[in-house]
Amino acid sequence: MRVDVGAIVENWRFFKKQAPSAAIAAVVKADAYGLGAVQASRALAQAGARVFFTATYGEALAVRRALGEGPQVFVLNGPAADDAGLMHAAKLTPVLNSLAQIKLWDARGPAALHIDTGMNRLGIGPEELAHASVALKGASLALVMSHLACASSVTHEMNALQRTRFIDAATLFPKAPLSLASTAGALIGADYHFDLIRPGIGLYGSGGLDTGNPALSTVATIEA
């Protein structure tokens, strides 16, 4: 398989044009969806990307070593008891998904907060928001984020509902930048862009929509 990192950069630039008022992160979790996180991250950083998302501490550490200390590297799964101190030492930014993770991180450094607005996978639930806001009082929040459950269907009513829930919840954290959209969400419209978008599969050639996907650059080619 041949991987064209130049095509990854072109796709990142596509999303940059889609959301000119937002920062454009690069999701390189799962070894950049199996296409090589180190080489993808280096190419994206050279193109101007300054925010990266990984899933685990190990993934984040590999990206940090490849890019140096400049870019911000988020860890979507958040800290665990055996790696919280290591994350802090490597200047990685955990995404806090539960009250337990908030307590474990204990304001060691900047962190993101994930609010569950309907995806029901990761994040602080609505019944925990008040406790989270108290626990994070005085903490350095680099980002407040959520994830759309039905963004692949542009007209799905869940998208607008989650956006409303997200805006309401974010009022508890008024100083933090906001992020709701990943690949498909970024294509719904500017109302979903907020301060930062998080394209993942879109960087590697898939628009993520059920229909009407944009013509993105082909990243991986099978040769035999």
# chains A, B, ... in the order shown; residues from 1 in each chain; ligands from 1
>>> select_by_dssp(residues="stretch 22-188 of chain A", states="helix (DSSP H, G or I)", output="PyMOL selection string")
chain A and resi 29-34+37-47+57-67+84-89+99-105+126-135+157-170+183-188
>>> residues_around(residues="A:Leu180", least_positions_apart="2", cutoff="7 Å", atoms="only C-alpha atoms", output="list in words")
Met145, Ser146, His147, Leu148, Leu178, Ser182, Tyr192, His193 and Ile197 of chain A
>>> closest_residue(among="A:Met119, A:Val9, A:Val63, A:Ala81", to="A:Gly48", atoms="only C-alpha atoms")
A:Val9
>>> closest_residue(among="A:Gly205, A:Pro214, A:Pro79, A:Gly123", to="A:Asp4", atoms="only C-alpha atoms")
A:Gly205
>>> residues_around(residues="A:Lys29", least_positions_apart="3", cutoff="10 Å", atoms="only C-alpha atoms", output="ChimeraX atom specification")
/A:26,32-34,36-37,52-56,59-60,63,75-76,200-201
>>> atom_distance(atom1="atom CA of A:Ser98", atom2="atom CA of A:Arg198")
20.7 Å
>>> closest_residue(among="A:Leu122, A:Ala90, A:Val51, A:Asp83", to="A:Glu69", atoms="only C-alpha atoms")
A:Ala90
>>> atom_distance(atom1="atom CA of A:Trp105", atom2="atom CA of A:Gly185")
29.1 Å
>>> atom_distance(atom1="atom CA of A:His88", atom2="atom CA of A:Phe173")
22.2 Å
